[in-house]
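A.B. asks: The structure under discussion is supplied below as structure tokens; questions concerning it will follow.
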Amino acid sequence: MPEHAAVLFANDAFYLAFCNRDLDAMDAIWARETPITCIHPGWDPLSDRDEVMESWEAILTSPTTTHITCKNPTVRVFGDFACVICHEVLDQGFLVATNLFVLEDGQWKIIHHQAGTAPPPEEEESDPLDTMQ
């Protein structure tokens with residue numbers, strides 16, 4: 001699988017874990033050997049794997065957590081490092097997100113997620129390689 005597609009597959013796995021409220025899948029997509037960080041909207045930065053996973057447990061088990069969809073992902077691959085910038089579509093609005101990935105044991109694993117408020121994404125024709133959804 002081309003690296004671009006493999007990164008998109010990992011990014012889609014992240015959002016699928018979120019939508020399915022699947023903590024095990026969320027844990028599996030995050031790196032274990034590389035330090036990780038996460039900045040949820042309105043939260044302080046998290047820079048410890050235990051803190052990051054505890055935050056996902058709180059989000060995924062919350063009855064108020066909304067459905068989320070990734071739109072218009074843009075992928076950049078730099079050797080063993082990759083970046084995905086995308087819009088997150090929620091019931092109550094839009095966020096823009098940056099997801100950073102590193103290649104660990106032959107698999108793309110997320111090392112950083114940051115999302116913040118944004119205007120609605122512009123509608124444009126997508127390249128079929130820009131999403132695996």
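Ordering of the structure tokens sets the chain letters (A, B, ...), residue numbers begin anew at 1 in every chain, and ligands are numbered from 1 in the order given.
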For Glu57 (chain A), find every residue with an atom within 12 Å (counting only C-alpha atoms), except residues of its own chain fewer than 2 positions away, and show them as a list in words.
C.D. replies: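 In the requested format, the answer is Ala17, Phe18, Arg21, Asp22, Leu23, Asp24, Ala25, Met26, Asp27, Asp50, Glu51, Val52, Met53, Glu54, Ser55, Ile59, Leu60, Thr61, Ser62, Pro63 and Thr65 of chain A.
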A.B. asks: Give me, as JSON, numbers by chain, all polymer residues having an atom no more than 12 Å from region 6-8 of chain A, counting only C-alpha atoms and skipping those fewer than 2 positions away in the same chain.
C.D. replies: {"A": [1, 2, 3, 4, 10, 11, 12, 13, 14, 15, 16, 29, 70, 71, 72, 73, 74, 75, 76, 77, 78, 79, 80, 81, 82, 83, 84, 85, 86, 99, 100, 101, 102, 103, 106, 107, 108, 109, 110, 128, 129, 130, 131, 132, 133]}
A.B. asks: Please produce a file of those selected residues containing N, CA and C atoms, as a compact mmCIF listing (two decimals), in the first residue's frame.
C.D. replies:
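Output contents, as saved in part.txt:
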```txt
# COMPACT_ATOMS: atom_id res chain seq x y z
N MET A 1 0.86 -1.17 0.00
CA MET A 1 0.00 0.00 0.00
C MET A 1 0.90 1.24 0.00
N PRO A 2 0.64 2.20 -0.90
CA PRO A 2 1.43 3.43 -0.88
C PRO A 2 1.32 4.13 0.48
N GLU A 3 2.40 4.79 0.89
CA GLU A 3 2.43 5.42 2.22
C GLU A 3 1.29 6.43 2.40
N HIS A 4 0.99 7.20 1.39
CA HIS A 4 -0.10 8.18 1.46
C HIS A 4 -1.40 7.49 1.87
N ALA A 10 -4.75 4.91 8.58
CA ALA A 10 -4.54 5.10 10.02
C ALA A 10 -5.40 6.26 10.54
N ASN A 11 -5.48 7.33 9.76
CA ASN A 11 -6.31 8.47 10.15
C ASN A 11 -7.79 8.06 10.23
N ASP A 12 -8.23 7.30 9.24
CA ASP A 12 -9.61 6.80 9.27
C ASP A 12 -9.85 5.88 10.46
N ALA A 13 -8.84 5.07 10.82
CA ALA A 13 -8.97 4.19 11.99
C ALA A 13 -9.16 5.01 13.27
N PHE A 14 -8.47 6.14 13.35
CA PHE A 14 -8.62 7.04 14.50
C PHE A 14 -10.06 7.54 14.60
N TYR A 15 -10.61 8.03 13.49
CA TYR A 15 -11.98 8.56 13.52
C TYR A 15 -13.02 7.45 13.68
N LEU A 16 -12.74 6.28 13.16
CA LEU A 16 -13.65 5.14 13.36
C LEU A 16 -13.70 4.75 14.84
N ILE A 29 -4.33 2.74 18.03
CA ILE A 29 -3.85 3.63 16.98
C ILE A 29 -2.79 4.61 17.48
N CYS A 70 -14.57 13.05 9.60
CA CYS A 70 -13.39 13.69 9.02
C CYS A 70 -13.70 14.07 7.57
N LYS A 71 -13.43 15.33 7.22
CA LYS A 71 -13.63 15.79 5.84
C LYS A 71 -12.37 16.45 5.32
N ASN A 72 -12.16 16.32 4.02
CA ASN A 72 -11.09 17.01 3.31
C ASN A 72 -9.70 16.80 3.91
N PRO A 73 -9.32 15.56 4.20
CA PRO A 73 -7.98 15.37 4.75
C PRO A 73 -6.89 15.67 3.72
N THR A 74 -5.86 16.33 4.19
CA THR A 74 -4.67 16.59 3.38
C THR A 74 -3.52 15.87 4.05
N VAL A 75 -2.81 15.06 3.29
CA VAL A 75 -1.74 14.22 3.84
C VAL A 75 -0.39 14.67 3.31
N ARG A 76 0.58 14.73 4.19
CA ARG A 76 1.97 14.96 3.81
C ARG A 76 2.80 13.88 4.50
N VAL A 77 3.61 13.20 3.72
CA VAL A 77 4.48 12.15 4.26
C VAL A 77 5.92 12.60 4.11
N PHE A 78 6.67 12.51 5.20
CA PHE A 78 8.07 12.89 5.24
C PHE A 78 8.87 11.72 5.80
N GLY A 79 9.12 10.72 4.99
CA GLY A 79 9.84 9.54 5.46
C GLY A 79 9.00 8.75 6.44
N ASP A 80 9.47 8.67 7.70
CA ASP A 80 8.77 7.92 8.76
C ASP A 80 7.82 8.80 9.57
N PHE A 81 7.55 10.00 9.07
CA PHE A 81 6.68 10.96 9.75
C PHE A 81 5.62 11.43 8.77
N ALA A 82 4.40 11.63 9.24
CA ALA A 82 3.33 12.11 8.37
C ALA A 82 2.40 13.05 9.12
N CYS A 83 1.77 13.92 8.38
CA CYS A 83 0.85 14.91 8.92
C CYS A 83 -0.46 14.85 8.14
N VAL A 84 -1.57 14.84 8.86
CA VAL A 84 -2.89 14.95 8.24
C VAL A 84 -3.58 16.17 8.84
N ILE A 85 -4.02 17.06 7.97
CA ILE A 85 -4.83 18.21 8.39
C ILE A 85 -6.20 18.00 7.78
N CYS A 86 -7.24 18.15 8.59
CA CYS A 86 -8.60 17.89 8.11
C CYS A 86 -9.60 18.73 8.88
N ASN A 99 -3.37 15.89 12.81
CA ASN A 99 -3.01 14.57 13.33
C ASN A 99 -1.62 14.22 12.80
N LEU A 100 -0.70 13.97 13.71
CA LEU A 100 0.66 13.63 13.33
C LEU A 100 0.89 12.15 13.57
N PHE A 101 1.58 11.51 12.64
CA PHE A 101 1.82 10.07 12.68
C PHE A 101 3.30 9.77 12.54
N VAL A 102 3.70 8.65 13.13
CA VAL A 102 5.06 8.14 12.98
C VAL A 102 4.95 6.65 12.63
N LEU A 103 5.92 6.18 11.89
CA LEU A 103 5.95 4.76 11.53
C LEU A 103 6.59 3.98 12.67
N GLY A 106 6.43 -0.75 11.37
CA GLY A 106 5.79 -0.92 10.07
C GLY A 106 4.36 -0.43 9.99
N GLN A 107 3.84 0.19 11.06
CA GLN A 107 2.46 0.71 11.06
C GLN A 107 2.46 2.18 11.44
N TRP A 108 1.58 2.95 10.79
CA TRP A 108 1.44 4.36 11.12
C TRP A 108 0.65 4.50 12.42
N LYS A 109 1.26 5.18 13.38
CA LYS A 109 0.64 5.40 14.70
C LYS A 109 0.57 6.90 14.96
N ILE A 110 -0.52 7.32 15.57
CA ILE A 110 -0.69 8.74 15.86
C ILE A 110 0.17 9.13 17.06
N PRO A 128 -9.80 10.91 -4.86
CA PRO A 128 -10.16 9.64 -4.24
C PRO A 128 -9.10 9.12 -3.28
N LEU A 129 -7.86 9.61 -3.38
CA LEU A 129 -6.82 9.18 -2.46
C LEU A 129 -6.83 9.99 -1.17
N ASP A 130 -7.66 11.04 -1.11
CA ASP A 130 -7.67 11.88 0.08
C ASP A 130 -8.52 11.34 1.21
N THR A 131 -9.22 10.26 0.99
CA THR A 131 -9.97 9.65 2.08
C THR A 131 -10.19 8.18 1.78
N MET A 132 -10.25 7.41 2.82
CA MET A 132 -10.52 6.00 2.67
C MET A 132 -11.94 5.70 3.16
N GLN A 133 -12.69 6.75 3.57
CA GLN A 133 -14.04 6.56 4.10
C GLN A 133 -15.02 6.35 2.98
```
A.B. asks: Write down as number ranges by chain the residues of chain A whose backbone DSSP state falls under strand (DSSP E).
C.D. replies: A: 37-39, 68-78, 81-90, 93-104, 107-117
A.B. asks: Go ahead and compute the interatomic distance for CA of Glu88 (chain A) and CA of Gln114 (chain A), in Å to one decimal.
C.D. replies: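 The value is 11.0 Å.
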A.B. asks: Need to verify the contact set: Cys38 (chain A), 8 Å, only C-alpha atoms, exclusion of same-chain residues closer than 3 positions in sequence. Can you return it as an mmCIF file with C-alpha atoms, in the first residue's frame?
C.D. replies:
```cif
data_model
loop_
_atom_site.group_PDB
_atom_site.id
_atom_site.type_symbol
_atom_site.label_atom_id
_atom_site.label_comp_id
_atom_site.auth_asym_id
_atom_site.auth_seq_id
_atom_site.Cartn_x
_atom_site.Cartn_y
_atom_site.Cartn_z
ATOM 1 C CA PRO A 45 -2.116 20.149 26.518
ATOM 2 C CA LEU A 46 -1.613 16.495 27.465
ATOM 3 C CA SER A 47 1.899 15.097 27.084
ATOM 4 C CA VAL A 52 -3.883 11.089 26.727
ATOM 5 C CA HIS A 112 -0.302 14.068 18.213
ATOM 6 C CA HIS A 113 -3.907 15.189 17.797
ATOM 7 C CA GLN A 114 -4.986 18.802 18.088
#
```
A.B. asks: Write out as a list in words the set of residues from region 39-122 of chain A that DSSP, computed on the backbone, places in alpha helix (DSSP H).
C.D. replies: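 Residues meeting the alpha helix (DSSP H) criterion: Arg49, Asp50, Glu51, Val52, Met53, Glu54, Ser55, Trp56, Glu57, Ala58, Ile59, Leu60 and Thr61 of chain A.
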A.B. asks: Taking only C-alpha atoms into account, which of A:Ala31, A:Leu90, A:Phe9, A:Thr66 comes nearest Pro120 (chain A)?
C.D. replies: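 Smallest separation from Pro120 (chain A) among the options: A:Leu90.
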A.B. asks: Quick one, how far is CA of Val89 (chain A) from CA of Pro121 (chain A)?
C.D. replies: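 Result for CA of Val89 (chain A) versus CA of Pro121 (chain A): 8.8 Å, one decimal.
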A.B. asks: For Thr34 (chain A), which residue out of A:Asp48, A:Thr69, A:Cys19, A:Trp56 is the nearest one, using only C-alpha atoms?
C.D. replies: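 For Thr34 (chain A), the nearest of the candidates is A:Asp48.
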